[in-house]
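One structure below.
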Amino acid sequence: MDTRGILTLFEKIYGSSGGAESFFAPGRVNLIGEHTDYNGGHVLPCALTFGTYVAARKRTDGTVRCFSENFPESGVVFFELDEIAPEPRHGWANYPKGVVKAFRENGLPIGSGFDMIVRGDMPSGAGLSSSASIEMATAVMLSSLFSLGLEDEAGRVRMALLGKEVENRFIGVKSGIMDQFAVALGRAGTALFLDCATLERRYVPLELGKYEIVVMNTNKSRALVESRYNERRSECDRALADLQKSGVTIRSLGDLSVEEFEQAADAIQDPVCRRRARHAVLENARVLTAVAALESGRIAEFGGLLNESHVSLQFDYETTGRELDCLAELSWQSGECLGARMTGAGFGGSALAIVRSDGVDAFTRFVGERYRRYIGYDCSFFRSVAGDGARRI
Ligand code: GLA
C-alpha cells in the first residue's frame with residue numbers, strides 16, 4: 001500500500017485528509033534466538049516488508065481519536081490525553097494509548113490530541129509482532145507530529161524501550177525487547193544481531209544464496225498466549241534464583257556458557273524449570289554459532305541450527321504445539337528446505353523455513369496440502385525479505 005491509500009482511508013473516516021502525515025512500521029520475523037531476550041541472551045530477528053500503516057493529524061483540543069481498518073468492530077475509539085488507562089473494550093487501541101501515556105510520563109510532550117488511522121497488511125496474532133508494529137508506528141508518528149526528534153539511532157532505541165514498557169506495564173505481557181528493537185531498528189537486507197543484556201548490536205547481511213525465507217502462518221488462534229508466556233518467564237526466573245542461591249554469580253541465564261550450565265544445572269530444583277533454563281542457555285549459544293555461520297556463508301549449517309532450535313522449543317521449552325510441529329516436520333520432509341522452526345512466542349503463530357528459491361512453489365504445495373490433511377484447515381505462506389524499520393512515508 002502507498003501513502004495515498006492510507007490518506008484516502010483517513011479522509012473517509014475524518015472527512016478530510018489535509019495536513020495528515022503517513023507512517024509505516026514493519027512486523028518482524030525472528031531467525032533464531034527464541035525466548036532468549038528476557039533471559040539476557042542474544043536474538044537475530046529481521047524487520048519484514050509488511051506491517052502497519054498509520055496516518056495522523058494534530059487536533060487543537062486534548063482528544064485522541066483512532067480507528068483501525070483491521071478492527072472495524074472497535075469503531076472510532078476516543079480518549080482524552082489526561083485520562084489514559086487500559087480498557088479491554090478498546091482492544092487494539094490500547095497499544096497507541098499505552099504509547100501516548102508512556103511518552104508523556106517520560107518527558108516527551110504530546111502537546112495536543114490527534115486523529116489517527118491504522119491499516120495493517122500483516123496478519124495479527126500470527127507471531128510476527130503486529131503489536132510492536134502498531135506501537136512503533138505510533139511512536140514514529142508522535143515523534144514527527146510533535147517534533148520530538150526520535151528519528152536518529154538513539155531516538156529509535158528510546159522508542160523501542162518505551163514500547164517494551166507499554167507491553168509490560170500497560171498491556172500486561174512481560175515480553176522482552178526483541179520485537180520493538182527489530183521493528184524500530186531493522187535495516188533492509190540484514191538481520192539484527194542483538195545482545196539483549198547490553199543492547200549491543202550489529203547488522204548481519206542476510207545473504208542466503210540460492211535460498212530464501214518463507215514464513216508460514218499456522219492460522220491457529222493463539223488463545224492464552226499471554227498467560228503461558230508469562231509462565232515461561234517465571235519458570236526461568238525460578239531457575240535463575242536457584243542457580244544464584246547455589247553460589248553461581250550471574251545476572252541472567254544468558255551469562256552462562258553451555259559448559260557452565262551443565263556443571264551447575266543440578267542446583268535447579270524443579271526439573272521443568274531446569275529444562276526451560278537449558279533451552280535458554282543452549283539457544284543463546286546457537287545464536288552465536290548461527291551468526292558465525294551466516295557471516296561465512298555456511299547456509300546449510302545455519303539451517304541445521306534452526307532445526308535444533310525448533311526441537312529445543314518443542315521438548316525443553318514446550319512452546320510449539322501440534323500445528324507448529326506439523327509445519328516444521330513437513331518443511332523438513334519437503335526436500336526443498338535447509339531448516340525450519342517456529343518463530344516468535346509460539347503456542348500457534350508462525351514458523352519460518354529456509355527454502356530453495358526455485359523450489360518455493362513445490363515447497364508450499366507439499367507443506368500446504370499435507371498441513372490441511374493433518375490439521376483440518378489451511379496454513380498460509382509469505383515469501384519474505386528483510387525490510388527497513390519504522391519510518392515516515
Ligand atoms: C514474543 C515477545 C518477545 C520474545 C519472543 C520469544 O515475541 O514479545 O519479547 O520473548 O516472544 O522469543
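Chain labels follow the order of the C-alpha cells: the first chain is A, the next B, and so on; residue numbering restarts at 1 in every chain, and ligands are counted from 1 in their shown order.
Considering only C-alpha atoms and all ligand atoms, the residues that reside within 7 Å of ligand 1 can be listed as Gly33, Glu34, His35, Thr36, Asp37, Tyr38, Gly127, Ser129, Ser175, Gly176, Ile177, Met178, Asp179, Gly344 and Ala345 of chain A.
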File of the preceding selection, all heavy atoms, as a CSV table (one decimal), in the first residue's frame:
```csv
chain,number,residue,atom,x,y,z
A,33,GLY,N,17.0,-17.5,18.2
A,33,GLY,CA,17.2,-16.9,19.5
A,33,GLY,C,15.8,-16.6,20.1
A,33,GLY,O,15.3,-15.5,20.2
A,34,GLU,N,15.1,-17.7,20.4
A,34,GLU,CA,13.7,-17.6,20.8
A,34,GLU,C,13.6,-17.8,22.3
A,34,GLU,O,14.2,-18.7,22.9
A,34,GLU,CB,12.9,-18.7,20.1
A,34,GLU,CG,11.5,-18.2,19.7
A,34,GLU,CD,11.5,-17.1,18.7
A,34,GLU,OE1,11.7,-17.4,17.5
A,34,GLU,OE2,11.5,-15.9,19.2
A,35,HIS,N,12.9,-16.9,22.9
A,35,HIS,CA,12.8,-16.9,24.4
A,35,HIS,C,14.1,-16.7,25.1
A,35,HIS,O,14.4,-17.2,26.2
A,35,HIS,CB,12.0,-18.1,24.9
A,35,HIS,CG,10.6,-18.1,24.5
A,35,HIS,ND1,9.6,-17.4,25.2
A,35,HIS,CD2,9.9,-18.7,23.5
A,35,HIS,CE1,8.4,-17.6,24.6
A,35,HIS,NE2,8.6,-18.4,23.5
A,36,THR,N,15.0,-16.0,24.4
A,36,THR,CA,16.3,-15.7,25.0
A,36,THR,C,16.3,-14.2,25.4
A,36,THR,O,17.2,-13.8,26.2
A,36,THR,CB,17.4,-15.9,24.0
A,36,THR,OG1,17.1,-15.3,22.7
A,36,THR,CG2,17.7,-17.4,23.8
A,37,ASP,N,15.5,-13.3,24.8
A,37,ASP,CA,15.6,-11.9,25.1
A,37,ASP,C,15.4,-11.6,26.6
A,37,ASP,O,16.3,-10.9,27.2
A,37,ASP,CB,14.8,-11.0,24.2
A,37,ASP,CG,13.3,-11.2,24.2
A,37,ASP,OD1,12.8,-12.2,24.9
A,37,ASP,OD2,12.5,-10.5,23.6
A,38,TYR,N,14.4,-12.1,27.2
A,38,TYR,CA,14.1,-11.7,28.6
A,38,TYR,C,15.0,-12.6,29.5
A,38,TYR,O,15.0,-12.4,30.7
A,38,TYR,CB,12.7,-11.9,29.0
A,38,TYR,CG,12.1,-13.3,28.6
A,38,TYR,CD1,12.2,-14.4,29.5
A,38,TYR,CD2,11.4,-13.5,27.5
A,38,TYR,CE1,11.7,-15.6,29.2
A,38,TYR,CE2,10.8,-14.7,27.1
A,38,TYR,CZ,11.0,-15.8,28.0
A,38,TYR,OH,10.5,-17.0,27.7
A,127,GLY,N,2.2,-14.1,15.4
A,127,GLY,CA,3.5,-14.3,15.9
A,127,GLY,C,4.6,-13.4,15.2
A,127,GLY,O,5.8,-13.7,15.2
A,129,SER,N,4.7,-10.0,15.4
A,129,SER,CA,4.8,-8.8,16.1
A,129,SER,C,3.9,-7.6,15.6
A,129,SER,O,4.3,-6.5,15.4
A,129,SER,CB,6.2,-8.2,16.1
A,129,SER,OG,7.0,-9.0,17.0
A,175,SER,N,6.9,-9.3,28.0
A,175,SER,CA,7.8,-9.6,26.9
A,175,SER,C,9.1,-8.9,27.0
A,175,SER,O,9.3,-7.9,27.8
A,175,SER,CB,7.1,-9.1,25.6
A,175,SER,OG,6.7,-7.8,25.7
A,176,GLY,N,10.1,-9.4,26.3
A,176,GLY,CA,11.4,-8.8,26.2
A,176,GLY,C,11.5,-7.7,25.2
A,176,GLY,O,10.5,-7.2,24.8
A,177,ILE,N,12.7,-7.4,24.8
A,177,ILE,CA,13.0,-6.2,24.0
A,177,ILE,C,13.1,-6.5,22.5
A,177,ILE,O,13.1,-5.6,21.7
A,177,ILE,CB,14.3,-5.5,24.5
A,177,ILE,CG1,14.4,-4.1,23.9
A,177,ILE,CG2,15.5,-6.3,24.3
A,177,ILE,CD1,13.3,-3.2,24.1
A,178,MET,N,13.1,-7.8,22.1
A,178,MET,CA,13.4,-8.1,20.7
A,178,MET,C,12.5,-7.5,19.7
A,178,MET,O,12.9,-6.9,18.7
A,178,MET,CB,13.3,-9.6,20.6
A,178,MET,CG,13.4,-10.0,19.1
A,178,MET,SD,13.5,-11.8,18.8
A,178,MET,CE,11.9,-12.4,19.3
A,179,ASP,N,11.2,-7.6,19.9
A,179,ASP,CA,10.2,-7.2,18.9
A,179,ASP,C,10.4,-5.7,18.5
A,179,ASP,O,10.5,-5.3,17.4
A,179,ASP,CB,8.8,-7.5,19.3
A,179,ASP,CG,8.6,-9.0,19.6
A,179,ASP,OD1,9.5,-9.8,19.2
A,179,ASP,OD2,7.6,-9.3,20.2
A,344,GLY,N,8.9,-16.4,17.1
A,344,GLY,CA,8.0,-15.6,18.0
A,344,GLY,C,7.7,-16.4,19.3
A,344,GLY,O,8.4,-17.3,19.7
A,345,ALA,N,6.6,-15.9,19.9
A,345,ALA,CA,6.3,-16.5,21.2
A,345,ALA,C,5.9,-18.0,21.1
A,345,ALA,O,6.2,-18.8,22.1
A,345,ALA,CB,5.2,-15.7,21.9
```
Inset, instruction - For Ala292 (chain A), list every protein, DNA or RNA residue within 10 Å, evaluated using only C-alpha atoms, and leave out those in the same chain fewer than 4 positions away; present the list as a PyMOL selection string. - result: chain A and resi 204+286-288+296-298+301-302
Inset, instruction - List the neighbours of Ser144 (chain A) out to 9 Å using only C-alpha atoms; skip same-chain residues closer than 5 positions along the sequence, and give me the result as a list in words. - result: Glu21, Ala139, Gly149, Leu150, Glu151 and Arg392 of chain A
Please produce an output containing N, CA and C atoms for each residue in the selection, written as an mmCIF file, in the first residue's frame.
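The resulting out.cif:
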```
data_model
loop_
_atom_site.group_PDB
_atom_site.id
_atom_site.type_symbol
_atom_site.label_atom_id
_atom_site.label_comp_id
_atom_site.auth_asym_id
_atom_site.auth_seq_id
_atom_site.Cartn_x
_atom_site.Cartn_y
_atom_site.Cartn_z
ATOM 1 N N GLU A 21 -0.192 13.269 8.081
ATOM 2 C CA GLU A 21 1.094 12.663 7.680
ATOM 3 C C GLU A 21 0.968 11.142 7.747
ATOM 4 N N ALA A 139 4.774 5.445 17.680
ATOM 5 C CA ALA A 139 5.921 6.193 18.217
ATOM 6 C C ALA A 139 6.544 7.100 17.149
ATOM 7 N N GLY A 149 12.010 14.539 17.801
ATOM 8 C CA GLY A 149 13.387 14.238 17.382
ATOM 9 C C GLY A 149 13.875 12.835 17.702
ATOM 10 N N LEU A 150 12.980 11.844 17.576
ATOM 11 C CA LEU A 150 13.400 10.471 17.904
ATOM 12 C C LEU A 150 13.792 9.671 16.659
ATOM 13 N N GLU A 151 14.041 10.337 15.546
ATOM 14 C CA GLU A 151 14.279 9.590 14.299
ATOM 15 C C GLU A 151 15.682 9.006 14.224
ATOM 16 N N ARG A 392 8.637 7.534 8.596
ATOM 17 C CA ARG A 392 7.638 8.354 7.927
ATOM 18 C C ARG A 392 7.638 7.982 6.443
#
```
Legend entry - Which of region 128-335 of chain A fall in strand (DSSP E or B), as a list in words: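 Checking each residue of region 128-335 of chain A, the strand (DSSP E or B) ones are Thr190, Ala191, Leu192, Phe193, Leu194, Asp195, Arg201, Arg202, Tyr203, Val204, Pro205, Tyr211, Glu212, Ile213, Val214, Val215, Met216 and Asn217 of chain A.
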I need the residues from that last selection saved to file as a compact mmCIF listing (two decimals), in the first residue's frame (with N, CA and C atoms), if you can.
```txt
# COMPACT_ATOMS: atom_id res chain seq x y z
N THR A 190 19.20 -7.11 5.99
CA THR A 190 20.03 -7.57 7.11
C THR A 190 19.17 -8.14 8.24
N ALA A 191 19.82 -8.90 9.10
CA ALA A 191 19.19 -9.31 10.36
C ALA A 191 19.89 -8.54 11.47
N LEU A 192 19.17 -8.30 12.56
CA LEU A 192 19.72 -7.52 13.67
C LEU A 192 20.21 -8.49 14.75
N PHE A 193 21.53 -8.50 14.95
CA PHE A 193 22.13 -9.37 15.98
C PHE A 193 22.23 -8.54 17.25
N LEU A 194 21.41 -8.88 18.22
CA LEU A 194 21.26 -8.03 19.41
C LEU A 194 21.57 -8.81 20.67
N ASP A 195 22.44 -8.23 21.49
CA ASP A 195 22.67 -8.75 22.84
C ASP A 195 21.65 -8.06 23.75
N ARG A 201 24.68 -4.22 19.45
CA ARG A 201 24.06 -4.83 18.27
C ARG A 201 24.90 -4.61 17.03
N ARG A 202 24.63 -5.47 16.04
CA ARG A 202 25.26 -5.25 14.75
C ARG A 202 24.36 -5.88 13.68
N TYR A 203 24.47 -5.36 12.47
CA TYR A 203 23.63 -5.85 11.38
C TYR A 203 24.37 -6.94 10.62
N VAL A 204 23.70 -8.06 10.42
CA VAL A 204 24.31 -9.18 9.71
C VAL A 204 23.63 -9.31 8.34
N PRO A 205 24.41 -9.16 7.25
CA PRO A 205 23.78 -9.27 5.92
C PRO A 205 23.07 -10.62 5.78
N TYR A 211 18.86 -19.58 -1.59
CA TYR A 211 17.75 -19.84 -0.66
C TYR A 211 17.05 -18.56 -0.25
N GLU A 212 15.84 -18.71 0.23
CA GLU A 212 15.13 -17.54 0.77
C GLU A 212 14.26 -17.97 1.95
N ILE A 213 13.75 -16.94 2.64
CA ILE A 213 12.93 -17.23 3.83
C ILE A 213 11.47 -17.31 3.44
N VAL A 214 10.82 -18.38 3.86
CA VAL A 214 9.36 -18.48 3.70
C VAL A 214 8.76 -18.49 5.10
N VAL A 215 7.81 -17.58 5.34
CA VAL A 215 7.11 -17.54 6.63
C VAL A 215 5.81 -18.31 6.47
N MET A 216 5.51 -19.14 7.46
CA MET A 216 4.30 -19.99 7.38
C MET A 216 3.44 -19.72 8.61
N ASN A 217 2.24 -19.25 8.37
CA ASN A 217 1.32 -18.95 9.48
C ASN A 217 0.45 -20.18 9.73
```
Inset, instruction - Within 9 Å of region 239-244 of chain A, counting only C-alpha atoms, which residues show up once you throw out same-chain ones fewer than 5 positions away? Write them as a list in words, please. - result: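 Residues near the query, excluding close chain neighbours: Ser234, Thr249, Ile250, Arg251, Ser252, Leu253, Ala264, Ala265, Asp266, Ala267, Ile268, Gln269, Asp270, Cys273, Arg274, Arg276 and Ala277 of chain A.
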Inset, instruction - One decimal, Å: what's the distance from CA of Arg104 (chain A) over to CA of Phe67 (chain A), could you say? - result: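 Computing it gives 21.3 Å between the two atoms.
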